[in-house]
Amino acid sequence: MRNILYTLVLLIWAGTAFAGSEMRILIDVSGSMKKTDPHNLRIPALKLLLELLPPETKAGVWLFAEDTNTLVPLASADENWRKEALKASAKIHSRGLFTDIEKALKTASRDWQAAAKASQRNILLLTDGMVDVAKDTAQNAASKARIENKLLPRLQRLGAHIYTIALSDQADHQLLKRLSLATDGWSETADSAEELQRLFVKIFKKAVPRDGLPLENNNFTVDLSVKEFTLLVFRKAGSPATELIKPDGSRWNYDQYPDSVRWHHEETYDLITVAQPMPGQWQLAADVDPDNQVMIVTDLKLKVQPVPHYFSLGETIDVAAELTEHDKRITRQNFLKLVHFELKQQGEQENTWPLQPDPQQTGVFKQRLQDELSPGTYELILTADGNTFQRQWTQSVEVIATPVQSEVNIKEDSETPLEIRLTPDPNVIDPASFRAKAVIADDNGHTLEADFSQEPDGNWILTMKKPPQDQTLIVNFDIQATSRQGQPLSPVLKPVTIDPALFEENDDEETADEAGEELEEELEGEDTPETNWLLTGLIATAINLVLGLAGFFGWRWSQKRAQEQQEKLLSRLAS
């Protein structure tokens, strides 16, 4: 019997690139919002999000309290929809009696019947409270249990990503975190309503990623292939008016700009969209702000394979990127040899890694992360710099270190070959207090709860049968414990996805191991002839000298050729 430790992986649906996105926005309008958002700053925050949505996105807005009501119907976010949505946002209020999160999630996802294949499904939930459906605490507890044990598995199966913003210390942070982590969404807490605009933008970038340009010291470079750029500039109280300086030195501001520019001005931000921009270096005359950003429309795109927003400490993550022309990967070496791919980590720790060509896929560049990141929240920034153009991708990630480790093992020749093992840290958790159960959901919407049993070595085990060939199981964890100091703990673990491929991978690995052992045995049995090392060294020196001279002149020619290839591509995309 062999046990194989599988690093917990991102849920199956998060590994697929989607052609479009859905954004379903749920805004709490319960009476407590009068205190947490007295100036109704939910309105300008929503307006900014609506302005940023690209037209191909399907979006809708619901207000919820004891009931859930449609504020903006679900539709493509074209110009007509946007105008109506901006007008409707003024109806956001704080007059509700309760906070029925269960009903809100059900209403917004009611029409989802099967897992999405052509689009990415996103729910943005803004609330300042806990599950509150009645004055009876038992009813509230029952509603929360239904969210965790029935509704969450359904949303996972449907491929939804839940993004949550808590606007109060009274919010159920544990529930909101669990919803986001279990669906590879994201969870934020706003210390004040003034933060909402920035948090809405942060979540928008995760849910509806757009191509971007590096903005360094308020400068950015536009290449020939950029058809349009949108510049988001946050402003503080008392800041001077924003100005945009073109490559030819002429200046625009909110009072003076041409018809090809759309300039949306608010007290706290400017949103500037420029069609057919002049190539060259642009400059922003405004305060430097880390949340300022440049989004572009172009046929020369930087595509990054989906990276999980959350991953466990020690989990292996491959960051892979490629450049595409009209959505097709660029594989021409003369073009790519001048492009430098770099991955940067920003946060409490800062690191930089160059991406290396993937030997298995021409035009793909990769960097593996495993032990490089310690627990915490970081910004990953991937930049492709081709001298004549630049592209940038950013994503926030959280590395989670929990006092409970999990692993999945495959046991051969067993009626229950699948084993999920939990290992609590005895230095943090009182072993006598530990209790764990799994909520297992299949593709048909059925759920089953199963308790873990304790082994003599202190680990907790759950064994399962192999799922049918056409079934995928999602396993969520419900863990309750007490710390060594007597404080209650509810560690949150990433879900585990179980499908038949897991067992096929086990078989493939065994076959590869056996083949490797046979090869080693064959090599051990071969006789190695003696080598004339002096003659070999002289020949190698002569060859290296000739190749060095040829390589130098060849390199100069190839660099010039690669530069010409890039310029031709940018010119073609611009026409």
# chains A, B, ... in the order shown; residues from 1 in each chain; ligands from 1
call {"tool": "select_by_dssp", "arguments": {"residues": "stretch 59-224 of chain A", "states": "strand (DSSP E)", "output": "PyMOL selection string"}}
result
chain A and resi 59-64+68-76+119-127+160-166+186-189+212-213+219-222
call {"tool": "residues_around", "arguments": {"residues": "stretch 134-144 of chain A", "least_positions_apart": "3", "cutoff": "10 Å", "atoms": "only C-alpha atoms", "output": "list of chain:residue names"}}
result
A:Glu66, A:Leu97, A:Phe98, A:Thr99, A:Asp100, A:Ile101, A:Glu102, A:Lys103, A:Met130, A:Val131, A:Ile147, A:Glu148, A:Asn149, A:Lys150, A:Leu151, A:Leu175
call {"tool": "write_last_selection", "arguments": {"atoms": "N, CA and C atoms", "output": "PDB file, in the first residue's frame"}}
result
ATOM      1  N   GLU A  66     -34.778  42.149   5.354  1.00  0.00           N
ATOM      2  CA  GLU A  66     -35.620  40.974   5.598  1.00  0.00           C
ATOM      3  C   GLU A  66     -36.070  40.339   4.287  1.00  0.00           C
ATOM      4  N   LEU A  97     -35.315  45.796   8.366  1.00  0.00           N
ATOM      5  CA  LEU A  97     -35.474  45.335   9.743  1.00  0.00           C
ATOM      6  C   LEU A  97     -34.488  44.235  10.118  1.00  0.00           C
ATOM      7  N   PHE A  98     -34.192  43.332   9.171  1.00  0.00           N
ATOM      8  CA  PHE A  98     -33.326  42.196   9.471  1.00  0.00           C
ATOM      9  C   PHE A  98     -32.205  42.112   8.431  1.00  0.00           C
ATOM     10  N   THR A  99     -31.380  41.042   8.550  1.00  0.00           N
ATOM     11  CA  THR A  99     -30.264  40.832   7.622  1.00  0.00           C
ATOM     12  C   THR A  99     -30.293  39.373   7.185  1.00  0.00           C
ATOM     13  N   ASP A 100     -31.122  39.090   6.186  1.00  0.00           N
ATOM     14  CA  ASP A 100     -31.321  37.710   5.739  1.00  0.00           C
ATOM     15  C   ASP A 100     -30.324  37.399   4.615  1.00  0.00           C
ATOM     16  N   ILE A 101     -29.113  37.008   4.996  1.00  0.00           N
ATOM     17  CA  ILE A 101     -28.064  36.703   4.023  1.00  0.00           C
ATOM     18  C   ILE A 101     -28.425  35.454   3.221  1.00  0.00           C
ATOM     19  N   GLU A 102     -29.053  34.493   3.865  1.00  0.00           N
ATOM     20  CA  GLU A 102     -29.447  33.267   3.167  1.00  0.00           C
ATOM     21  C   GLU A 102     -30.380  33.581   2.002  1.00  0.00           C
ATOM     22  N   LYS A 103     -31.403  34.377   2.255  1.00  0.00           N
ATOM     23  CA  LYS A 103     -32.355  34.713   1.192  1.00  0.00           C
ATOM     24  C   LYS A 103     -31.684  35.524   0.084  1.00  0.00           C
ATOM     25  N   MET A 130     -24.705  40.129  11.080  1.00  0.00           N
ATOM     26  CA  MET A 130     -24.697  38.674  11.137  1.00  0.00           C
ATOM     27  C   MET A 130     -25.993  38.170  10.512  1.00  0.00           C
ATOM     28  N   VAL A 131     -26.089  36.840  10.373  1.00  0.00           N
ATOM     29  CA  VAL A 131     -27.344  36.251   9.897  1.00  0.00           C
ATOM     30  C   VAL A 131     -28.432  36.587  10.906  1.00  0.00           C
ATOM     31  N   ILE A 147     -26.921  27.887   5.312  1.00  0.00           N
ATOM     32  CA  ILE A 147     -25.958  28.539   4.404  1.00  0.00           C
ATOM     33  C   ILE A 147     -24.700  27.687   4.281  1.00  0.00           C
ATOM     34  N   GLU A 148     -24.185  27.227   5.429  1.00  0.00           N
ATOM     35  CA  GLU A 148     -22.909  26.514   5.429  1.00  0.00           C
ATOM     36  C   GLU A 148     -23.030  25.093   4.880  1.00  0.00           C
ATOM     37  N   ASN A 149     -24.143  24.414   5.192  1.00  0.00           N
ATOM     38  CA  ASN A 149     -24.238  22.990   4.871  1.00  0.00           C
ATOM     39  C   ASN A 149     -25.056  22.679   3.628  1.00  0.00           C
ATOM     40  N   LYS A 150     -25.886  23.600   3.157  1.00  0.00           N
ATOM     41  CA  LYS A 150     -26.726  23.371   1.972  1.00  0.00           C
ATOM     42  C   LYS A 150     -26.426  24.358   0.855  1.00  0.00           C
ATOM     43  N   LEU A 151     -26.478  25.648   1.184  1.00  0.00           N
ATOM     44  CA  LEU A 151     -26.340  26.671   0.144  1.00  0.00           C
ATOM     45  C   LEU A 151     -24.906  26.772  -0.361  1.00  0.00           C
ATOM     46  N   LEU A 175     -18.197  33.574   9.100  1.00  0.00           N
ATOM     47  CA  LEU A 175     -19.029  33.100   7.999  1.00  0.00           C
ATOM     48  C   LEU A 175     -18.583  33.711   6.675  1.00  0.00           C
TER      49      LEU A 175
END
call {"tool": "closest_residue", "arguments": {"among": "A:Ile162, A:Val208, A:Leu448, A:Ala182", "to": "A:Ser119", "atoms": "only C-alpha atoms"}}
result
A:Val208
call {"tool": "closest_atom_pairs", "arguments": {"of": "stretch 178-225 of chain A", "to": "stretch 377-397 of chain A", "cutoff": "12 Å", "atoms": "only C-alpha atoms", "output": "CSV"}}
result
residue,atom,partner,partner_atom,distance
A:Leu181,CA,A:Val397,CA,11.2
A:Asp184,CA,A:Val397,CA,10.4
A:Gly185,CA,A:Val397,CA,10.5
A:Trp186,CA,A:Val397,CA,8.9
A:Ser187,CA,A:Val397,CA,10.9
A:Glu188,CA,A:Ser396,CA,11.3
A:Leu199,CA,A:Ser396,CA,11.9
A:Lys202,CA,A:Ser396,CA,8.6
A:Ile203,CA,A:Ser396,CA,9.6
A:Phe204,CA,A:Gln395,CA,11.0
A:Lys205,CA,A:Gln395,CA,7.8
A:Lys206,CA,A:Gln395,CA,6.8
A:Ala207,CA,A:Gln395,CA,10.5
A:Val208,CA,A:Gln395,CA,11.6
A:Pro209,CA,A:Trp393,CA,8.5
A:Arg210,CA,A:Trp393,CA,8.3
A:Asp211,CA,A:Trp393,CA,6.9
A:Gly212,CA,A:Gln392,CA,5.2
A:Leu213,CA,A:Arg391,CA,5.1
A:Pro214,CA,A:Gln392,CA,5.8
A:Leu215,CA,A:Gln392,CA,9.3
A:Glu216,CA,A:Gln392,CA,11.7
A:Phe220,CA,A:Gln390,CA,9.2
A:Thr221,CA,A:Gln390,CA,7.5
A:Val222,CA,A:Phe389,CA,7.4
A:Asp223,CA,A:Phe389,CA,5.6
A:Leu224,CA,A:Phe389,CA,8.4
A:Ser225,CA,A:Phe389,CA,8.7
call {"tool": "select_by_dssp", "arguments": {"residues": "stretch 201-271 of chain A", "states": "alpha helix (DSSP H)", "output": "PyMOL selection string"}}
result
chain A and resi 201-207
call {"tool": "write_last_selection", "arguments": {"atoms": "N, CA and C atoms", "output": "mmCIF file, in the first residue's frame"}}
result
data_model
loop_
_atom_site.group_PDB
_atom_site.id
_atom_site.type_symbol
_atom_site.label_atom_id
_atom_site.label_comp_id
_atom_site.auth_asym_id
_atom_site.auth_seq_id
_atom_site.Cartn_x
_atom_site.Cartn_y
_atom_site.Cartn_z
ATOM 1 N N VAL A 201 -13.146 48.417 -5.869
ATOM 2 C CA VAL A 201 -12.217 48.336 -7.003
ATOM 3 C C VAL A 201 -11.311 47.113 -6.850
ATOM 4 N N LYS A 202 -10.850 46.847 -5.644
ATOM 5 C CA LYS A 202 -9.971 45.695 -5.406
ATOM 6 C C LYS A 202 -10.672 44.396 -5.771
ATOM 7 N N ILE A 203 -11.931 44.277 -5.376
ATOM 8 C CA ILE A 203 -12.673 43.064 -5.692
ATOM 9 C C ILE A 203 -13.012 43.013 -7.176
ATOM 10 N N PHE A 204 -13.312 44.158 -7.777
ATOM 11 C CA PHE A 204 -13.573 44.192 -9.219
ATOM 12 C C PHE A 204 -12.385 43.634 -10.003
ATOM 13 N N LYS A 205 -11.171 44.022 -9.611
ATOM 14 C CA LYS A 205 -9.973 43.561 -10.316
ATOM 15 C C LYS A 205 -9.830 42.043 -10.224
ATOM 16 N N LYS A 206 -10.275 41.443 -9.120
ATOM 17 C CA LYS A 206 -10.203 40.002 -8.976
ATOM 18 C C LYS A 206 -11.288 39.306 -9.783
ATOM 19 N N ALA A 207 -12.499 39.857 -9.722
ATOM 20 C CA ALA A 207 -13.642 39.193 -10.347
ATOM 21 C C ALA A 207 -13.693 39.420 -11.855
#
call {"tool": "closest_residue", "arguments": {"among": "A:Asp28, A:Asp499, A:Glu84, A:Glu194", "to": "A:Ala45", "atoms": "only C-alpha atoms"}}
result
A:Glu194
call {"tool": "residues_around", "arguments": {"residues": "stretch 287-297 of chain A", "least_positions_apart": "5", "cutoff": "6 Å", "atoms": "only C-alpha atoms", "output": "list of chain:residue names"}}
result
A:Asp211, A:Gly212, A:Leu213, A:Lys227, A:Glu228, A:Phe229, A:Thr230, A:Leu231, A:Leu232, A:Val233
call {"tool": "write_last_selection", "arguments": {"atoms": "N, CA and C atoms", "output": "mmCIF file, in the first residue's frame"}}
result
data_model
loop_
_atom_site.group_PDB
_atom_site.id
_atom_site.type_symbol
_atom_site.label_atom_id
_atom_site.label_comp_id
_atom_site.auth_asym_id
_atom_site.auth_seq_id
_atom_site.Cartn_x
_atom_site.Cartn_y
_atom_site.Cartn_z
ATOM 1 N N ASP A 211 -6.678 43.865 -18.780
ATOM 2 C CA ASP A 211 -5.278 44.126 -19.072
ATOM 3 C C ASP A 211 -4.883 45.491 -18.516
ATOM 4 N N GLY A 212 -3.637 45.600 -18.070
ATOM 5 C CA GLY A 212 -3.183 46.860 -17.481
ATOM 6 C C GLY A 212 -1.791 47.230 -17.918
ATOM 7 N N LEU A 213 -1.426 48.481 -17.629
ATOM 8 C CA LEU A 213 -0.088 49.001 -17.881
ATOM 9 C C LEU A 213 0.555 49.367 -16.544
ATOM 10 N N LYS A 227 -5.841 50.381 -27.902
ATOM 11 C CA LYS A 227 -6.964 51.047 -28.554
ATOM 12 C C LYS A 227 -7.665 52.026 -27.615
ATOM 13 N N GLU A 228 -7.543 51.774 -26.310
ATOM 14 C CA GLU A 228 -8.222 52.616 -25.330
ATOM 15 C C GLU A 228 -7.589 52.363 -23.970
ATOM 16 N N PHE A 229 -7.492 53.394 -23.150
ATOM 17 C CA PHE A 229 -7.084 53.167 -21.767
ATOM 18 C C PHE A 229 -8.032 53.901 -20.831
ATOM 19 N N THR A 230 -8.195 53.311 -19.644
ATOM 20 C CA THR A 230 -8.998 53.920 -18.578
ATOM 21 C C THR A 230 -8.093 54.117 -17.374
ATOM 22 N N LEU A 231 -8.001 55.340 -16.921
ATOM 23 C CA LEU A 231 -7.119 55.710 -15.814
ATOM 24 C C LEU A 231 -7.975 56.036 -14.598
ATOM 25 N N LEU A 232 -7.756 55.307 -13.519
ATOM 26 C CA LEU A 232 -8.455 55.556 -12.255
ATOM 27 C C LEU A 232 -7.509 56.283 -11.315
ATOM 28 N N VAL A 233 -7.926 57.471 -10.871
ATOM 29 C CA VAL A 233 -7.082 58.316 -10.017
ATOM 30 C C VAL A 233 -7.861 58.638 -8.746
#
call {"tool": "atom_distance", "arguments": {"atom1": "atom CA of A:Lys106", "atom2": "atom CA of A:Pro495"}}
result
21.1 Å
call {"tool": "closest_residue", "arguments": {"among": "A:Leu50, A:Ile461, A:Val439, A:Ala241", "to": "A:Ser406", "atoms": "only C-alpha atoms"}}
result
A:Ile461
